[in-house]
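Report on one structure; see the data block that follows.
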Amino acid sequence: MTTLPQLIGGLGEIAPGYDALICDVWGVLHDGHSAHMGAVEALRRFRERFGPVVLLSNAPRPVDVLEEQFARIGVPTDCYDAIVTSGVATRDALELRANNRRLAILHIGPERDRGVFEGLPIDCVDAAEASVVLCTGLYDDDNETPADYGEMLEELKRRGLTLLCANPDIVVQRGGKLVYCAGAIARAYEKMGGPVIYYGKPHRPIYDTTLAAAAKAAKRDIARPLAIGDGLETDVKGANGAGLDSLFIADGIHGEDIREFSAAHLAELFAKSGVAVQAAMRALVW
């Protein structure tokens with residue numbers, strides 16, 4: 001028998017049952033262009049009454065770069081306690097790989113993402129000289145798709161190069177438009193038989209880091225955290241794997257798949273994705 005999710009109109013309806021929030025960023029807190037102020041207020045109220053809020057993002061960037069973006073698009077710093085990103089996890093892995101020697105990488109992604117390895121002993125080279133591939137996204141995600149990378153990926157596979165994926169998201173919502181992320185390139189490479197290592201959601205290590213950040217902010221153990229997100233394959237699958245309750249935000253990247261906002265229809269969608277969700281709402285509000 002399929003378990004139906006609880007449909008709620010505001011986070012306040014279920015907030016008393018939790019002592020910390022792990023909240024997605026893109027699609028929940030902002031759309032890449034502007035902050036969702038209803039979500040900002042919901043996070044503020046939870047912090048005031050129930051516990052810490054840790055933002056968990058698959059952004060392939062350092063925390064300070066995210067906060068610079070927050071300042072530009074209007075996300076205030078008083079709606080969260082800490083930020084954990086896949087970019088930080090990727091940087092730690094690159095530092096270990098370099099191990100005090102210079103590392104030659106092929107960087108697939110825009111120039112703006114290079115902060116993830118800034119200051120490390122890394123040389124950006126072409127595919128013929130690379131010893132490893134770092135994918136943070138598409139070079140031009142406004143116009144390109146993973147199909148544009150077929151020949152490149154075939155060459156990388158021929159050379160047996162491992163692809164490090166700094167953002168497992170397949171797509172993200174930017175100002176109402178869906179654009180491809182590094183996860184789409186990584187998935188295409190994996191389907192060819194190429195080796196891929198993922199950093200970020202839905203993989204368990206990033207959740208251990210995030211829960212530790214919540215406990216540090218609260219200065220106590222966290223007993224009942226709630227994960228909030230709009231991605232079934234990342235936010236919800238990751239929460240399931242970490243044993244956390246999840247709140248699904250329907251008007252995010254899966255908005256086009258949701259014919260009607262009903263418990264039965266959502267349960268069908270969740271079953272197809274092989275995930276379980278405790279509650280769902282249109283957009284994050286209090």
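Ordering of the structure tokens sets the chain letters (A, B, ...); residue numbers start at 1 within each chain; ligands are numbered from 1 in the order shown.
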Exercise: segment 125-142 of chain A partners within 7 Å, only C-alpha atoms, chain neighbours under 2 positions left out, as a PDB file with C-alpha atoms, in the first residue's frame:
```
ATOM      1  CA  PRO A  60      30.301  23.663  -6.885  1.00  0.00           C
ATOM      2  CA  ALA A 104      46.808  18.462 -14.053  1.00  0.00           C
ATOM      3  CA  ILE A 105      43.026  18.660 -14.496  1.00  0.00           C
ATOM      4  CA  LEU A 106      40.627  19.201 -17.353  1.00  0.00           C
ATOM      5  CA  HIS A 107      37.999  21.583 -15.965  1.00  0.00           C
ATOM      6  CA  ILE A 108      34.570  21.214 -17.562  1.00  0.00           C
ATOM      7  CA  GLY A 109      32.527  24.186 -16.436  1.00  0.00           C
ATOM      8  CA  PRO A 110      32.399  27.978 -16.499  1.00  0.00           C
ATOM      9  CA  ASP A 113      33.495  28.001 -10.809  1.00  0.00           C
ATOM     10  CA  ASP A 123      47.086  23.306 -13.542  1.00  0.00           C
ATOM     11  CA  GLU A 144      24.400  23.855 -24.316  1.00  0.00           C
ATOM     12  CA  LEU A 156      37.991  10.968 -21.878  1.00  0.00           C
ATOM     13  CA  LEU A 161      40.094   9.337 -16.934  1.00  0.00           C
ATOM     14  CA  THR A 162      38.037   9.628 -13.759  1.00  0.00           C
ATOM     15  CA  LEU A 163      35.469  12.436 -13.712  1.00  0.00           C
ATOM     16  CA  LEU A 164      34.983  14.238 -10.405  1.00  0.00           C
ATOM     17  CA  CYS A 165      31.466  15.680 -10.271  1.00  0.00           C
ATOM     18  CA  ALA A 166      31.239  18.758  -8.060  1.00  0.00           C
ATOM     19  CA  ASN A 167      27.479  19.131  -8.477  1.00  0.00           C
ATOM     20  CA  VAL A 179      19.374  24.542 -17.089  1.00  0.00           C
ATOM     21  CA  TYR A 180      21.663  21.506 -17.045  1.00  0.00           C
ATOM     22  CA  CYS A 181      24.198  20.965 -14.259  1.00  0.00           C
ATOM     23  CA  ALA A 182      27.367  18.911 -13.823  1.00  0.00           C
TER      24      ALA A 182
END
```
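By chain and then residue number, the residues within 6 Å of segment 232-242 of chain A are Lys201, Pro202 and Val275 of chain A, counting only C-alpha atoms and disregarding those fewer than 4 positions away in sequence.
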Might you pull out every residue within 12 Å of Pro205 of chain A, with only C-alpha atoms counted and same-chain residues fewer than 5 positions away left off, and present them as a PDB file with N, CA and C atoms, in the first residue's frame?
```pdb
ATOM      1  N   VAL A  84      26.689  24.338   3.905  1.00  0.00           N
ATOM      2  CA  VAL A  84      27.552  23.235   3.472  1.00  0.00           C
ATOM      3  C   VAL A  84      27.355  23.089   1.966  1.00  0.00           C
ATOM      4  N   THR A  85      28.452  23.022   1.207  1.00  0.00           N
ATOM      5  CA  THR A  85      28.336  22.886  -0.245  1.00  0.00           C
ATOM      6  C   THR A  85      29.145  21.694  -0.766  1.00  0.00           C
ATOM      7  N   SER A  86      28.706  21.181  -1.901  1.00  0.00           N
ATOM      8  CA  SER A  86      29.472  20.125  -2.562  1.00  0.00           C
ATOM      9  C   SER A  86      30.815  20.668  -3.037  1.00  0.00           C
ATOM     10  N   ALA A  89      33.379  20.082  -0.365  1.00  0.00           N
ATOM     11  CA  ALA A  89      33.760  18.674  -0.339  1.00  0.00           C
ATOM     12  C   ALA A  89      34.680  18.327  -1.507  1.00  0.00           C
ATOM     13  N   THR A  90      34.395  18.912  -2.664  1.00  0.00           N
ATOM     14  CA  THR A  90      35.225  18.675  -3.849  1.00  0.00           C
ATOM     15  C   THR A  90      36.624  19.251  -3.653  1.00  0.00           C
ATOM     16  N   TYR A 198      31.161  11.292  -7.225  1.00  0.00           N
ATOM     17  CA  TYR A 198      30.248  12.399  -6.950  1.00  0.00           C
ATOM     18  C   TYR A 198      30.503  12.987  -5.560  1.00  0.00           C
ATOM     19  N   TYR A 199      30.380  14.318  -5.472  1.00  0.00           N
ATOM     20  CA  TYR A 199      30.455  15.006  -4.189  1.00  0.00           C
ATOM     21  C   TYR A 199      29.150  15.783  -4.000  1.00  0.00           C
ATOM     22  N   GLY A 200      28.489  15.604  -2.851  1.00  0.00           N
ATOM     23  CA  GLY A 200      27.249  16.315  -2.591  1.00  0.00           C
ATOM     24  C   GLY A 200      26.057  15.388  -2.525  1.00  0.00           C
ATOM     25  N   THR A 210      26.768  17.901   7.261  1.00  0.00           N
ATOM     26  CA  THR A 210      25.696  18.867   7.504  1.00  0.00           C
ATOM     27  C   THR A 210      25.104  18.703   8.897  1.00  0.00           C
ATOM     28  N   LEU A 211      24.887  17.475   9.324  1.00  0.00           N
ATOM     29  CA  LEU A 211      24.345  17.235  10.668  1.00  0.00           C
ATOM     30  C   LEU A 211      25.339  17.683  11.741  1.00  0.00           C
ATOM     31  N   ALA A 212      26.634  17.512  11.458  1.00  0.00           N
ATOM     32  CA  ALA A 212      27.652  17.994  12.400  1.00  0.00           C
ATOM     33  C   ALA A 212      27.607  19.513  12.493  1.00  0.00           C
ATOM     34  N   GLY A 238      18.635  11.710  -0.994  1.00  0.00           N
ATOM     35  CA  GLY A 238      19.697  11.870  -0.001  1.00  0.00           C
ATOM     36  C   GLY A 238      19.165  11.808   1.413  1.00  0.00           C
ATOM     37  N   ALA A 239      18.023  12.453   1.657  1.00  0.00           N
ATOM     38  CA  ALA A 239      17.402  12.405   2.983  1.00  0.00           C
ATOM     39  C   ALA A 239      17.017  10.981   3.342  1.00  0.00           C
ATOM     40  N   GLY A 241      18.388   8.222   2.281  1.00  0.00           N
ATOM     41  CA  GLY A 241      19.605   7.460   2.550  1.00  0.00           C
ATOM     42  C   GLY A 241      20.220   7.769   3.899  1.00  0.00           C
ATOM     43  N   ALA A 242      20.002   8.999   4.363  1.00  0.00           N
ATOM     44  CA  ALA A 242      20.554   9.413   5.665  1.00  0.00           C
ATOM     45  C   ALA A 242      19.571   9.162   6.806  1.00  0.00           C
TER      46      ALA A 242
END
```
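With only C-alpha atoms as the basis for measurement, A:Pro52 is the residue among A:Pro5, A:Gly17, A:Gly74, A:Pro52 that approaches Lys219 of chain A most closely.
Taking only C-alpha atoms into account, Arg174 of chain A lies nearest to A:Gly27 out of the set A:Pro76, A:Gly231, A:Gly27, A:Gly51.
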> Counting only C-alpha atoms, what is within 12 Å of Gly10 of chain A, bar same-chain residues fewer than 3 positions away, as an MDAnalysis selection string?
Replying inline: chainID A and resid 6:7 13:15 38:39 41:43 45:46 247:249 279:286
Could you write those residues out with C-alpha atoms, as a JSON list (two decimals), in the first residue's frame?
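That gives us result10.json:
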```
[["chain", "number", "residue", "atom", "x", "y", "z"],
["A", 6, "GLN", "CA", 0.90, 14.97, 4.20],
["A", 7, "LEU", "CA", 0.02, 18.07, 2.18],
["A", 13, "GLU", "CA", 2.17, 23.03, 10.65],
["A", 14, "ILE", "CA", 4.93, 20.45, 11.16],
["A", 15, "ALA", "CA", 7.83, 22.52, 12.58],
["A", 38, "GLY", "CA", 8.34, 33.48, 1.88],
["A", 39, "ALA", "CA", 11.06, 30.86, 2.29],
["A", 41, "GLU", "CA", 10.67, 34.17, 6.54],
["A", 42, "ALA", "CA", 9.91, 30.48, 7.14],
["A", 43, "LEU", "CA", 13.56, 29.74, 7.90],
["A", 45, "ARG", "CA", 10.77, 31.64, 12.21],
["A", 46, "PHE", "CA", 12.06, 28.09, 12.54],
["A", 247, "LEU", "CA", 9.58, 17.98, 3.01],
["A", 248, "PHE", "CA", 9.16, 18.16, -0.76],
["A", 249, "ILE", "CA", 8.75, 21.54, -2.47],
["A", 279, "ALA", "CA", 5.16, 16.01, 3.67],
["A", 280, "ALA", "CA", 4.82, 18.25, 0.62],
["A", 281, "MET", "CA", 3.92, 21.84, -0.13],
["A", 282, "ARG", "CA", 3.87, 24.11, -3.16],
["A", 283, "ALA", "CA", 6.54, 26.59, -2.05],
["A", 284, "LEU", "CA", 8.33, 27.03, 1.26],
["A", 285, "VAL", "CA", 6.39, 29.43, 3.45],
["A", 286, "TRP", "CA", 5.62, 29.55, 7.16]]
```
>> Quick check for you: according to DSSP on this backbone, which residues of segment 55-245 of chain A are classed as strand (DSSP E or B)? Reply as a PyMOL selection string.
In response: chain A and resi 55-57+82-85+103-108+122-124+132-135+163-165+171-174+177-180+196-198+225-229+245
> Could you pull out all residues of segment 133-262 of chain A with a DSSP call of helix (DSSP H, G or I) and give them as JSON, numbers by chain?
Replying inline: {"A": [146, 147, 148, 149, 150, 151, 152, 153, 154, 155, 156, 157, 158, 159, 182, 183, 184, 185, 186, 187, 188, 189, 190, 191, 204, 205, 206, 207, 208, 209, 210, 211, 212, 213, 214, 215, 216, 217, 218, 232, 233, 234, 235, 236, 237, 238, 239, 240, 241, 255, 256, 257]}
>> Which residue is closest to Arg49 of chain A? Choose from A:Val171, A:Leu178, A:Ala20, A:Asp78 and count only C-alpha atoms.
In response: A:Ala20
> Suppose you want the space between atom CA of Ala217 of chain A and atom CA of Ala35 of chain A; what is it in Å?
Replying inline: 23.5 Å
